[in-house]
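Everything below belongs to target_21.cif, which stores mmCIF, C-alpha atoms and all ligand atoms.
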```
data_protein
#
loop_
_atom_site.label_atom_id
_atom_site.label_comp_id
_atom_site.auth_asym_id
_atom_site.auth_seq_id
_atom_site.Cartn_x
_atom_site.Cartn_y
_atom_site.Cartn_z
CA MET Y 1 17.25 30.05 -0.49
CA GLY Y 2 19.41 31.70 -3.14
CA LYS Y 3 17.73 33.00 -6.26
CA GLY Y 4 18.77 32.45 -9.86
CA ARG Y 5 20.60 29.11 -9.51
CA LEU Y 6 19.33 25.59 -10.08
CA LYS Y 7 17.68 24.24 -6.93
CA ILE Y 8 18.17 20.59 -6.06
CA ALA Y 9 15.39 18.40 -4.62
CA LEU Y 10 15.99 14.83 -3.41
CA ILE Y 11 12.93 12.61 -3.13
CA THR Y 12 13.03 9.16 -1.53
CA GLY Y 13 10.33 6.83 -2.85
CA GLY Y 14 10.12 9.08 -5.88
CA SER Y 15 9.05 6.43 -8.38
CA LYS Y 16 5.40 6.17 -7.38
CA GLY Y 17 2.46 7.77 -5.59
CA ILE Y 18 3.12 10.84 -3.47
CA GLY Y 19 6.86 10.97 -4.21
CA LYS Y 20 6.24 10.83 -7.94
CA ALA Y 21 3.68 13.66 -7.76
CA LEU Y 22 6.01 15.84 -5.68
CA GLY Y 23 8.88 15.12 -8.08
CA THR Y 24 6.74 16.01 -11.08
CA GLY Y 25 5.57 19.24 -9.48
CA LEU Y 26 9.06 20.30 -8.42
CA ALA Y 27 10.45 19.52 -11.90
CA LYS Y 28 7.63 21.64 -13.34
CA VAL Y 29 8.65 24.65 -11.25
CA GLY Y 30 12.29 24.23 -12.33
CA TYR Y 31 14.00 22.10 -9.69
CA GLN Y 32 16.66 19.55 -10.58
CA VAL Y 33 14.84 16.57 -9.13
CA ILE Y 34 16.68 13.47 -7.89
CA LEU Y 35 14.39 10.47 -7.55
CA THR Y 36 15.26 7.40 -5.51
CA GLY Y 37 13.61 4.02 -4.96
CA ARG Y 38 14.47 0.33 -4.98
CA HIS Y 39 13.26 -0.54 -8.49
CA GLU Y 40 15.08 0.89 -11.52
CA LYS Y 41 12.25 0.10 -13.97
CA ASP Y 42 9.78 2.29 -12.01
CA LEU Y 43 12.34 5.09 -11.61
CA LYS Y 44 13.10 5.10 -15.35
CA LYS Y 45 9.38 5.16 -16.18
CA THR Y 46 8.79 8.14 -13.89
CA VAL Y 47 11.76 10.02 -15.37
CA GLN Y 48 10.35 9.41 -18.87
CA GLU Y 49 6.88 10.62 -17.82
CA ILE Y 50 8.30 13.84 -16.37
CA VAL Y 51 10.44 14.46 -19.45
CA SER Y 52 7.45 13.84 -21.74
CA LEU Y 53 5.62 16.65 -19.91
CA GLY Y 54 8.46 18.99 -20.94
CA TYR Y 55 9.82 19.55 -17.42
CA GLN Y 56 13.42 19.60 -16.16
CA LYS Y 57 14.81 16.04 -16.57
CA PRO Y 58 15.21 14.26 -13.21
CA ILE Y 59 18.09 11.95 -12.44
CA TYR Y 60 17.67 8.84 -10.30
CA TYR Y 61 19.54 6.58 -7.92
CA ILE Y 62 18.58 3.08 -6.85
CA LEU Y 63 18.41 3.41 -3.09
CA ASP Y 64 16.89 1.30 -0.35
CA ILE Y 65 16.53 3.63 2.64
CA THR Y 66 17.25 0.76 5.04
CA ASN Y 67 20.79 0.49 3.62
CA SER Y 68 22.93 3.05 5.48
CA GLY Y 69 26.05 2.41 3.35
CA LEU Y 70 24.15 3.04 0.14
CA ILE Y 71 22.57 6.20 1.60
CA THR Y 72 26.02 7.63 2.42
CA GLN Y 73 27.31 6.69 -1.04
CA THR Y 74 24.29 8.31 -2.73
CA ILE Y 75 24.42 11.56 -0.76
CA ASP Y 76 28.19 11.79 -1.36
CA ALA Y 77 27.60 11.35 -5.11
CA ILE Y 78 24.90 14.05 -5.10
CA ALA Y 79 27.14 16.39 -3.11
CA ALA Y 80 30.01 15.78 -5.57
CA GLN Y 81 27.77 16.47 -8.59
CA PHE Y 82 25.61 19.35 -7.35
CA GLY Y 83 27.30 20.58 -4.18
CA ARG Y 84 24.01 20.98 -2.33
CA ILE Y 85 20.50 19.71 -1.60
CA ASP Y 86 17.91 22.44 -1.20
CA VAL Y 87 14.88 20.24 -0.55
CA LEU Y 88 14.68 16.74 0.92
CA ILE Y 89 11.37 14.92 0.58
CA ASN Y 90 11.83 12.13 3.12
CA ASN Y 91 8.93 10.14 1.72
CA ALA Y 92 9.70 6.43 1.20
CA GLY Y 93 7.57 4.27 3.45
CA ILE Y 94 5.60 1.05 3.70
CA HIS Y 95 2.22 0.03 5.10
CA ARG Y 96 1.26 -3.19 6.87
CA LYS Y 97 -2.16 -3.92 8.35
CA GLY Y 98 -2.41 -5.19 11.90
CA THR Y 99 -1.62 -4.47 15.53
CA LEU Y 100 -0.80 -7.40 17.82
CA ASP Y 101 -1.59 -9.82 15.01
CA LEU Y 102 1.40 -8.46 13.04
CA SER Y 103 4.31 -10.82 12.77
CA GLU Y 104 7.50 -9.70 14.50
CA LYS Y 105 9.10 -9.50 11.05
CA ASP Y 106 6.42 -7.14 9.69
CA PHE Y 107 6.51 -4.96 12.81
CA ARG Y 108 10.30 -4.68 12.59
CA GLU Y 109 10.10 -3.88 8.86
CA LEU Y 110 7.66 -1.05 9.55
CA LEU Y 111 10.01 0.52 12.10
CA GLU Y 112 13.09 -0.16 9.96
CA THR Y 113 11.66 1.62 6.91
CA ASN Y 114 9.32 4.24 8.33
CA ILE Y 115 11.51 5.47 11.20
CA THR Y 116 15.09 4.18 10.88
CA GLY Y 117 15.21 4.65 7.09
CA GLN Y 118 13.97 8.24 7.25
CA PHE Y 119 16.32 8.90 10.20
CA LEU Y 120 19.30 7.63 8.19
CA VAL Y 121 18.45 9.76 5.15
CA ALA Y 122 18.09 12.89 7.31
CA GLN Y 123 21.34 12.05 9.12
CA ALA Y 124 23.18 11.91 5.79
CA VAL Y 125 21.61 15.05 4.28
CA VAL Y 126 21.59 17.48 7.21
CA PRO Y 127 25.39 18.05 7.35
CA LEU Y 128 25.21 19.28 3.74
CA MET Y 129 22.30 21.57 4.58
CA LYS Y 130 24.19 22.85 7.62
CA ARG Y 131 27.16 23.74 5.40
CA GLN Y 132 24.76 25.59 3.06
CA ARG Y 133 23.01 27.17 6.09
CA SER Y 134 19.72 26.51 4.31
CA GLY Y 135 17.37 23.77 3.23
CA TYR Y 136 13.90 22.36 3.64
CA ILE Y 137 13.07 18.85 4.89
CA PHE Y 138 9.58 17.46 4.37
CA ASN Y 139 9.02 14.29 6.34
CA VAL Y 140 6.08 12.45 4.80
CA VAL Y 141 4.43 11.15 7.95
CA SER Y 142 0.68 10.39 8.10
CA ARG Y 143 -2.57 11.21 9.82
CA SER Y 144 -1.88 7.80 11.45
CA ALA Y 145 0.75 9.70 13.46
CA THR Y 146 -1.99 11.70 15.18
CA VAL Y 147 -4.57 8.95 15.88
CA GLY Y 148 -3.96 5.37 17.00
CA PHE Y 149 -6.32 3.71 14.53
CA PRO Y 150 -7.60 0.20 15.37
CA GLY Y 151 -6.27 -2.58 13.15
CA THR Y 152 -3.18 -0.66 12.04
CA GLY Y 153 -1.16 -0.31 15.26
CA GLY Y 154 2.20 -1.21 13.74
CA TYR Y 155 1.96 1.42 11.03
CA CYS Y 156 0.64 4.00 13.54
CA ALA Y 157 3.55 3.24 15.91
CA SER Y 158 6.05 3.79 13.11
CA LYS Y 159 4.44 7.06 12.03
CA TRP Y 160 4.04 8.42 15.59
CA GLY Y 161 7.78 7.75 15.99
CA LEU Y 162 8.60 9.54 12.76
CA ARG Y 163 6.45 12.51 13.77
CA GLY Y 164 8.44 12.74 17.02
CA LEU Y 165 11.71 12.68 15.10
CA SER Y 166 10.38 15.34 12.73
CA GLU Y 167 9.33 17.63 15.61
CA SER Y 168 12.77 17.32 17.24
CA LEU Y 169 14.44 18.18 13.94
CA TYR Y 170 12.04 21.10 13.51
CA ARG Y 171 13.14 22.53 16.86
CA GLU Y 172 16.86 21.80 16.29
CA LEU Y 173 17.22 22.92 12.69
CA THR Y 174 14.76 25.78 12.16
CA PRO Y 175 16.85 28.24 14.23
CA ILE Y 176 19.85 27.58 11.94
CA GLY Y 177 17.98 28.18 8.69
CA ILE Y 178 16.80 24.66 7.81
CA LYS Y 179 13.04 24.31 7.75
CA VAL Y 180 11.34 21.04 8.67
CA THR Y 181 7.68 20.14 8.18
CA ALA Y 182 5.86 16.87 8.88
CA LEU Y 183 3.22 16.20 6.25
CA CYS Y 184 0.40 14.22 7.87
CA PRO Y 185 -2.19 13.27 5.25
CA ALA Y 186 -5.06 10.84 5.75
CA TRP Y 187 -5.90 8.53 2.80
CA VAL Y 188 -4.13 9.68 -0.35
CA ASP Y 189 -5.09 8.24 -3.74
CA THR Y 190 -2.09 5.98 -4.39
CA ASP Y 191 -1.33 2.27 -4.81
CA MET Y 192 -0.54 2.14 -1.10
CA ALA Y 193 -4.09 3.21 -0.21
CA ASN Y 194 -5.47 0.55 -2.57
CA ARG Y 195 -3.22 -2.15 -1.12
CA ALA Y 196 -4.06 -1.08 2.44
CA GLY Y 197 -7.80 -1.44 1.69
CA SER Y 198 -8.82 2.21 2.03
CA PRO Y 199 -12.60 2.34 2.54
CA LEU Y 200 -12.74 5.56 0.51
CA ALA Y 201 -13.37 5.71 -3.24
CA PRO Y 202 -10.39 7.20 -5.12
CA GLU Y 203 -12.26 10.50 -5.69
CA ASP Y 204 -12.96 10.84 -1.94
CA ARG Y 205 -9.28 10.57 -1.03
CA ILE Y 206 -6.69 13.36 -0.91
CA GLN Y 207 -5.18 13.70 -4.38
CA THR Y 208 -1.40 13.56 -4.78
CA GLN Y 209 -1.60 17.03 -6.38
CA ASP Y 210 -2.90 18.36 -3.05
CA LEU Y 211 0.39 17.34 -1.48
CA PHE Y 212 2.32 19.21 -4.16
CA HIS Y 213 0.18 22.33 -3.64
CA THR Y 214 0.94 22.03 0.09
CA ILE Y 215 4.74 21.91 -0.33
CA GLU Y 216 4.64 24.63 -2.98
CA TRP Y 217 2.83 26.87 -0.49
CA LEU Y 218 5.32 26.04 2.27
CA LEU Y 219 8.36 26.58 0.01
CA ASN Y 220 7.06 30.04 -0.84
CA LEU Y 221 6.75 31.22 2.76
CA SER Y 222 9.20 33.87 3.90
CA ASP Y 223 12.20 32.95 6.08
CA GLY Y 224 10.36 34.26 9.12
CA ALA Y 225 7.48 31.78 8.78
CA CYS Y 226 7.82 28.10 9.72
CA VAL Y 227 5.25 25.33 9.93
CA LYS Y 228 5.89 22.27 12.13
CA GLU Y 229 3.26 20.02 10.58
CA VAL Y 230 0.33 19.97 8.24
CA VAL Y 231 -2.52 17.54 8.93
CA ILE Y 232 -4.85 16.92 5.99
CA THR Y 233 -7.98 14.83 6.46
CA ASN Y 234 -10.71 13.41 4.23
CA PRO Y 235 -14.27 14.77 4.45
CA LEU Y 236 -15.60 11.22 4.89
CA SER Y 237 -13.07 10.19 7.54
CA LEU Y 238 -12.22 13.03 9.90
N1 LIG Y 301 -1.26 6.66 0.42
C1 LIG Y 301 -1.71 7.08 1.59
O1 LIG Y 301 -2.92 6.99 1.89
C2 LIG Y 301 -0.75 7.69 2.58
C3 LIG Y 301 -1.29 8.45 3.62
C4 LIG Y 301 -0.43 9.03 4.55
C5 LIG Y 301 0.93 8.87 4.43
N2 LIG Y 301 1.43 8.12 3.41
C6 LIG Y 301 2.89 7.98 3.36
O2 LIG Y 301 3.35 8.57 2.17
C7 LIG Y 301 4.56 7.95 1.73
C8 LIG Y 301 4.42 7.54 0.27
O3 LIG Y 301 3.31 6.65 0.19
P1 LIG Y 301 2.57 6.32 -1.20
O4 LIG Y 301 1.12 6.24 -0.88
O5 LIG Y 301 3.05 7.21 -2.26
O6 LIG Y 301 3.11 4.82 -1.39
P2 LIG Y 301 3.47 3.98 -2.70
O7 LIG Y 301 2.60 4.37 -3.82
O8 LIG Y 301 3.50 2.55 -2.21
O9 LIG Y 301 4.97 4.46 -3.01
C9 LIG Y 301 5.98 4.20 -2.06
C10 LIG Y 301 7.31 4.66 -2.60
O10 LIG Y 301 8.31 4.37 -1.62
C11 LIG Y 301 9.32 3.55 -2.19
N3 LIG Y 301 9.86 2.67 -1.15
C12 LIG Y 301 9.21 1.81 -0.35
N4 LIG Y 301 10.07 1.21 0.49
C13 LIG Y 301 11.30 1.73 0.22
C14 LIG Y 301 12.59 1.52 0.73
N5 LIG Y 301 12.85 0.63 1.71
N6 LIG Y 301 13.61 2.25 0.24
C15 LIG Y 301 13.40 3.13 -0.75
N7 LIG Y 301 12.20 3.37 -1.30
C16 LIG Y 301 11.16 2.67 -0.81
C17 LIG Y 301 8.63 2.81 -3.34
O11 LIG Y 301 9.51 2.43 -4.38
P3 LIG Y 301 10.21 0.99 -4.42
O12 LIG Y 301 9.17 0.00 -4.02
O13 LIG Y 301 10.72 0.85 -5.81
O14 LIG Y 301 11.32 1.08 -3.43
C18 LIG Y 301 7.71 3.92 -3.86
O15 LIG Y 301 8.42 4.80 -4.71
C19 LIG Y 301 4.79 6.78 2.71
O16 LIG Y 301 5.70 7.17 3.70
C20 LIG Y 301 3.41 6.57 3.30
O17 LIG Y 301 3.46 5.96 4.57
C21 LIG Y 301 0.63 7.54 2.48
#
```
Could I get this structure in the form of structure tokens?
Amino acid sequence: MGKGRLKIALITGGSKGIGKALGTGLAKVGYQVILTGRHEKDLKKTVQEIVSLGYQKPIYYILDITNSGLITQTIDAIAAQFGRIDVLINNAGIHRKGTLDLSEKDFRELLETNITGQFLVAQAVVPLMKRQRSGYIFNVVSRSATVGFPGTGGYCASKWGLRGLSESLYRELTPIGIKVTALCPAWVDTDMANRAGSPLAPEDRIQTQDLFHTIEWLLNLSDGACVKEVVITNPLSL
């Protein structure tokens, strides 16, 4: 990536949890962060929190990643304003408990958000990265993409699918200068883990800061070093 100019990072699901922590960290190290999510109130609150820390002020777009028209419109607006996207954090996702007891609606929603949504965002962003001949895509997958856990088969199916997409993109795009890494954490201390009924106490979970340290490390690797995926587990649930 070029040195000395403002770097642009787009984060889906940037209003809360992992996306918020990655946005805060990237703003701290000088990126122009662009946060997206479905709820303006949460996006505004996160922008204010980042500004109050004295970091580069993020901008935000209201964006549901299941809406392909809105994705195209948003990426076009970003391209018109900044001309590039250096880092995409393809993070927005949902969790539902259940395997065969899931309703058809919930199962379809999992696939629609966790695979199709992330596919659509990558599809809209990659042409810009190809024109730049550079970029880094982090697909926020899950440890549930490496183990078929009982009682959470729908979520696992969606994340295994996303991990497959991420690996294909890794093999297609890395040779042309665009890095791709699947982040596969186990329980992370966010609202999602609380809602999903994580058996781990908050202090025993991965901290959102750990995810920022991970991408910071990856972003600082030389062009000759690429990492397909990073799996991070919890000491109490390996
Ligand atoms: N927490 C964990 O233990 C854990 C572990 C492994 C992987 N992950 C993955 O990490 C990612 C982030 O999870 P988190 O724990 O940070 O969850 P979170 O606290 O629930 O935050 C989810 C974020 O995604 C956004 N979002 C959800 N659906 C969206 C949609 N259709 N379009 C746009 N934005 C959407 C939410 O904002 P709005 O609701 O305003 O849209 C929010 O900003 C997810 O992909 C999740 O599967 C989480």
Let me have the centre and edge lengths of the axis-aligned box enclosing all listed atoms of ligand LIG 301 (chain Y) with 8 Å padding on every side, in Å to one decimal, as lines of an AutoDock Vina configuration file.
```
center_x = 5.3
center_y = 4.5
center_z = -0.6
size_x = 32.5
size_y = 25.0
size_z = 26.4
```
Please identify all protein, DNA and RNA residues within 7 Å of ligand LIG 301 (chain Y), counting only C-alpha atoms and all ligand atoms, and report them as a ChimeraX atom specification.
/Y:12-19,36-39,42,63-66,91-95,113-114,140-143,184-193
Serialized selection, C-alpha atoms, as a PDB file, in the frame of the given file:
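Output saved as selection.pdb:
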```
ATOM      1  CA  THR Y  12      13.030   9.160  -1.530  1.00  0.00           C
ATOM      2  CA  GLY Y  13      10.330   6.830  -2.850  1.00  0.00           C
ATOM      3  CA  GLY Y  14      10.120   9.080  -5.880  1.00  0.00           C
ATOM      4  CA  SER Y  15       9.050   6.430  -8.380  1.00  0.00           C
ATOM      5  CA  LYS Y  16       5.400   6.170  -7.380  1.00  0.00           C
ATOM      6  CA  GLY Y  17       2.460   7.770  -5.590  1.00  0.00           C
ATOM      7  CA  ILE Y  18       3.120  10.840  -3.470  1.00  0.00           C
ATOM      8  CA  GLY Y  19       6.860  10.970  -4.210  1.00  0.00           C
ATOM      9  CA  THR Y  36      15.260   7.400  -5.510  1.00  0.00           C
ATOM     10  CA  GLY Y  37      13.610   4.020  -4.960  1.00  0.00           C
ATOM     11  CA  ARG Y  38      14.470   0.330  -4.980  1.00  0.00           C
ATOM     12  CA  HIS Y  39      13.260  -0.540  -8.490  1.00  0.00           C
ATOM     13  CA  ASP Y  42       9.780   2.290 -12.010  1.00  0.00           C
ATOM     14  CA  LEU Y  63      18.410   3.410  -3.090  1.00  0.00           C
ATOM     15  CA  ASP Y  64      16.890   1.300  -0.350  1.00  0.00           C
ATOM     16  CA  ILE Y  65      16.530   3.630   2.640  1.00  0.00           C
ATOM     17  CA  THR Y  66      17.250   0.760   5.040  1.00  0.00           C
ATOM     18  CA  ASN Y  91       8.930  10.140   1.720  1.00  0.00           C
ATOM     19  CA  ALA Y  92       9.700   6.430   1.200  1.00  0.00           C
ATOM     20  CA  GLY Y  93       7.570   4.270   3.450  1.00  0.00           C
ATOM     21  CA  ILE Y  94       5.600   1.050   3.700  1.00  0.00           C
ATOM     22  CA  HIS Y  95       2.220   0.030   5.100  1.00  0.00           C
ATOM     23  CA  THR Y 113      11.660   1.620   6.910  1.00  0.00           C
ATOM     24  CA  ASN Y 114       9.320   4.240   8.330  1.00  0.00           C
ATOM     25  CA  VAL Y 140       6.080  12.450   4.800  1.00  0.00           C
ATOM     26  CA  VAL Y 141       4.430  11.150   7.950  1.00  0.00           C
ATOM     27  CA  SER Y 142       0.680  10.390   8.100  1.00  0.00           C
ATOM     28  CA  ARG Y 143      -2.570  11.210   9.820  1.00  0.00           C
ATOM     29  CA  CYS Y 184       0.400  14.220   7.870  1.00  0.00           C
ATOM     30  CA  PRO Y 185      -2.190  13.270   5.250  1.00  0.00           C
ATOM     31  CA  ALA Y 186      -5.060  10.840   5.750  1.00  0.00           C
ATOM     32  CA  TRP Y 187      -5.900   8.530   2.800  1.00  0.00           C
ATOM     33  CA  VAL Y 188      -4.130   9.680  -0.350  1.00  0.00           C
ATOM     34  CA  ASP Y 189      -5.090   8.240  -3.740  1.00  0.00           C
ATOM     35  CA  THR Y 190      -2.090   5.980  -4.390  1.00  0.00           C
ATOM     36  CA  ASP Y 191      -1.330   2.270  -4.810  1.00  0.00           C
ATOM     37  CA  MET Y 192      -0.540   2.140  -1.100  1.00  0.00           C
ATOM     38  CA  ALA Y 193      -4.090   3.210  -0.210  1.00  0.00           C
TER      39      ALA Y 193
END
```
Hey, which bits of stretch 55-168 of chain Y sit within 12 Å of stretch 5-8 of chain Y, and for each residue what's the closest pair of atoms and how far apart in Å (one decimal), counting all atoms listed in the file, rows by chain and increasing number, as JSON lines?
```
{"residue": "Y:Gln56", "atom": "CA", "partner": "Y:Leu6", "partner_atom": "CA", "distance": 10.4}
{"residue": "Y:Lys57", "atom": "CA", "partner": "Y:Ile8", "partner_atom": "CA", "distance": 11.9}
{"residue": "Y:Pro58", "atom": "CA", "partner": "Y:Ile8", "partner_atom": "CA", "distance": 10.0}
{"residue": "Y:Ile59", "atom": "CA", "partner": "Y:Ile8", "partner_atom": "CA", "distance": 10.7}
{"residue": "Y:Ile78", "atom": "CA", "partner": "Y:Ile8", "partner_atom": "CA", "distance": 9.4}
{"residue": "Y:Ala79", "atom": "CA", "partner": "Y:Ile8", "partner_atom": "CA", "distance": 10.3}
{"residue": "Y:Gln81", "atom": "CA", "partner": "Y:Ile8", "partner_atom": "CA", "distance": 10.7}
{"residue": "Y:Phe82", "atom": "CA", "partner": "Y:Ile8", "partner_atom": "CA", "distance": 7.7}
{"residue": "Y:Gly83", "atom": "CA", "partner": "Y:Ile8", "partner_atom": "CA", "distance": 9.3}
{"residue": "Y:Arg84", "atom": "CA", "partner": "Y:Ile8", "partner_atom": "CA", "distance": 6.9}
{"residue": "Y:Ile85", "atom": "CA", "partner": "Y:Ile8", "partner_atom": "CA", "distance": 5.1}
{"residue": "Y:Asp86", "atom": "CA", "partner": "Y:Ile8", "partner_atom": "CA", "distance": 5.2}
{"residue": "Y:Val87", "atom": "CA", "partner": "Y:Ile8", "partner_atom": "CA", "distance": 6.4}
{"residue": "Y:Leu88", "atom": "CA", "partner": "Y:Ile8", "partner_atom": "CA", "distance": 8.7}
{"residue": "Y:Ile89", "atom": "CA", "partner": "Y:Ile8", "partner_atom": "CA", "distance": 11.1}
{"residue": "Y:Met129", "atom": "CA", "partner": "Y:Ile8", "partner_atom": "CA", "distance": 11.5}
{"residue": "Y:Ser134", "atom": "CA", "partner": "Y:Lys7", "partner_atom": "CA", "distance": 11.6}
{"residue": "Y:Gly135", "atom": "CA", "partner": "Y:Ile8", "partner_atom": "CA", "distance": 9.9}
{"residue": "Y:Tyr136", "atom": "CA", "partner": "Y:Ile8", "partner_atom": "CA", "distance": 10.7}
```
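Nearest residue to Y:Asn234, choosing from Y:Trp217, Y:Cys156, Y:Gln209, Y:Glu203 and counting only C-alpha atoms: Y:Glu203.
Distances here use only C-alpha atoms; by that measure, the residue among Y:Leu200, Y:Ala21, Y:Ile115, Y:Val125 closest to Y:Val33 is Y:Ala21.
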Would you work out the distance separating atom CA of Y:Tyr55 from atom CA of Y:Ala182, expressed in Å to one decimal?
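Atom CA of Y:Tyr55 sits 26.7 Å away from atom CA of Y:Ala182.
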With distances taken over only C-alpha atoms, which residue among Y:Thr116, Y:Thr181, Y:Ala27, Y:Ile34 lies nearest Y:Ser52?
Y:Ala27
Close residues, Y:Asn220 itself excluded, 12 Å, only C-alpha atoms, min 5 positions apart in chain, as an mmCIF file with C-alpha atoms, in the coordinates of the input:
```
data_model
loop_
_atom_site.group_PDB
_atom_site.id
_atom_site.type_symbol
_atom_site.label_atom_id
_atom_site.label_comp_id
_atom_site.auth_asym_id
_atom_site.auth_seq_id
_atom_site.Cartn_x
_atom_site.Cartn_y
_atom_site.Cartn_z
ATOM 1 C CA MET Y 1 17.250 30.050 -0.490
ATOM 2 C CA VAL Y 29 8.650 24.650 -11.250
ATOM 3 C CA TYR Y 136 13.900 22.360 3.640
ATOM 4 C CA LYS Y 179 13.040 24.310 7.750
ATOM 5 C CA HIS Y 213 0.180 22.330 -3.640
ATOM 6 C CA THR Y 214 0.940 22.030 0.090
ATOM 7 C CA ILE Y 215 4.740 21.910 -0.330
ATOM 8 C CA ALA Y 225 7.480 31.780 8.780
ATOM 9 C CA CYS Y 226 7.820 28.100 9.720
ATOM 10 C CA VAL Y 227 5.250 25.330 9.930
#
```
Neighbouring residues of Y:Ala157 were defined as those with any atom within 10 Å, considering only C-alpha atoms; residues of the same chain fewer than 2 positions away were excluded. Please report them as a ChimeraX atom specification.
/Y:99,107,110-111,114-115,144-145,147-149,152-155,159-163
Could you jot down the atom CA of Y:Lys44 to atom CA of Y:Tyr60 separation for me, Å, one decimal place?
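Atom CA of Y:Lys44 sits 7.8 Å away from atom CA of Y:Tyr60.
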Save C-alpha atoms of stretch 101-157 of chain Y from the block above as a PDB file, in the first residue's frame.
```pdb
ATOM      1  CA  ASP Y 101     -35.109 -26.987  14.969  1.00  0.00           C
ATOM      2  CA  LEU Y 102     -34.398 -23.665  13.206  1.00  0.00           C
ATOM      3  CA  SER Y 103     -37.313 -22.246  11.287  1.00  0.00           C
ATOM      4  CA  GLU Y 104     -36.849 -22.034   7.527  1.00  0.00           C
ATOM      5  CA  LYS Y 105     -37.007 -18.247   7.887  1.00  0.00           C
ATOM      6  CA  ASP Y 106     -34.155 -18.149  10.437  1.00  0.00           C
ATOM      7  CA  PHE Y 107     -32.015 -20.554   8.397  1.00  0.00           C
ATOM      8  CA  ARG Y 108     -32.516 -18.459   5.263  1.00  0.00           C
ATOM      9  CA  GLU Y 109     -31.716 -15.257   7.181  1.00  0.00           C
ATOM     10  CA  LEU Y 110     -28.442 -16.759   8.396  1.00  0.00           C
ATOM     11  CA  LEU Y 111     -27.372 -17.622   4.852  1.00  0.00           C
ATOM     12  CA  GLU Y 112     -28.681 -14.326   3.451  1.00  0.00           C
ATOM     13  CA  THR Y 113     -26.663 -12.213   5.896  1.00  0.00           C
ATOM     14  CA  ASN Y 114     -23.604 -14.319   6.702  1.00  0.00           C
ATOM     15  CA  ILE Y 115     -22.836 -15.565   3.184  1.00  0.00           C
ATOM     16  CA  THR Y 116     -24.830 -13.661   0.549  1.00  0.00           C
ATOM     17  CA  GLY Y 117     -24.411 -10.281   2.283  1.00  0.00           C
ATOM     18  CA  GLN Y 118     -20.651 -10.648   2.636  1.00  0.00           C
ATOM     19  CA  PHE Y 119     -20.462 -11.958  -0.968  1.00  0.00           C
ATOM     20  CA  LEU Y 120     -22.331  -8.883  -2.244  1.00  0.00           C
ATOM     21  CA  VAL Y 121     -20.080  -6.459  -0.354  1.00  0.00           C
ATOM     22  CA  ALA Y 122     -16.932  -8.163  -1.685  1.00  0.00           C
ATOM     23  CA  GLN Y 123     -18.409  -8.195  -5.201  1.00  0.00           C
ATOM     24  CA  ALA Y 124     -18.941  -4.432  -5.046  1.00  0.00           C
ATOM     25  CA  VAL Y 125     -15.552  -3.570  -3.492  1.00  0.00           C
ATOM     26  CA  VAL Y 126     -13.150  -5.845  -5.383  1.00  0.00           C
ATOM     27  CA  PRO Y 127     -13.374  -4.018  -8.766  1.00  0.00           C
ATOM     28  CA  LEU Y 128     -12.150  -0.863  -6.994  1.00  0.00           C
ATOM     29  CA  MET Y 129      -9.305  -2.784  -5.355  1.00  0.00           C
ATOM     30  CA  LYS Y 130      -8.432  -4.334  -8.723  1.00  0.00           C
ATOM     31  CA  ARG Y 131      -8.171  -0.851 -10.254  1.00  0.00           C
ATOM     32  CA  GLN Y 132      -5.883   0.173  -7.370  1.00  0.00           C
ATOM     33  CA  ARG Y 133      -3.966  -3.132  -7.700  1.00  0.00           C
ATOM     34  CA  SER Y 134      -3.948  -3.305  -3.902  1.00  0.00           C
ATOM     35  CA  GLY Y 135      -6.157  -3.827  -0.894  1.00  0.00           C
ATOM     36  CA  TYR Y 136      -6.829  -6.056   2.073  1.00  0.00           C
ATOM     37  CA  ILE Y 137     -10.085  -7.917   2.752  1.00  0.00           C
ATOM     38  CA  PHE Y 138     -10.738  -9.349   6.199  1.00  0.00           C
ATOM     39  CA  ASN Y 139     -13.721 -11.667   6.226  1.00  0.00           C
ATOM     40  CA  VAL Y 140     -14.932 -11.996   9.802  1.00  0.00           C
ATOM     41  CA  VAL Y 141     -15.850 -15.669   9.830  1.00  0.00           C
ATOM     42  CA  SER Y 142     -15.823 -17.730  13.051  1.00  0.00           C
ATOM     43  CA  ARG Y 143     -14.350 -20.736  14.782  1.00  0.00           C
ATOM     44  CA  SER Y 144     -17.819 -22.169  13.961  1.00  0.00           C
ATOM     45  CA  ALA Y 145     -16.492 -22.389  10.392  1.00  0.00           C
ATOM     46  CA  THR Y 146     -13.963 -25.015  11.483  1.00  0.00           C
ATOM     47  CA  VAL Y 147     -16.127 -27.200  13.785  1.00  0.00           C
ATOM     48  CA  GLY Y 148     -19.753 -28.244  13.331  1.00  0.00           C
ATOM     49  CA  PHE Y 149     -20.904 -27.467  16.858  1.00  0.00           C
ATOM     50  CA  PRO Y 150     -24.082 -29.194  18.120  1.00  0.00           C
ATOM     51  CA  GLY Y 151     -27.083 -26.926  18.601  1.00  0.00           C
ATOM     52  CA  THR Y 152     -25.837 -24.236  16.228  1.00  0.00           C
ATOM     53  CA  GLY Y 153     -25.886 -25.972  12.824  1.00  0.00           C
ATOM     54  CA  GLY Y 154     -27.467 -23.090  10.914  1.00  0.00           C
ATOM     55  CA  TYR Y 155     -24.850 -20.587  12.038  1.00  0.00           C
ATOM     56  CA  CYS Y 156     -22.048 -23.136  11.432  1.00  0.00           C
ATOM     57  CA  ALA Y 157     -23.373 -23.812   7.911  1.00  0.00           C
TER      58      ALA Y 157
END
```
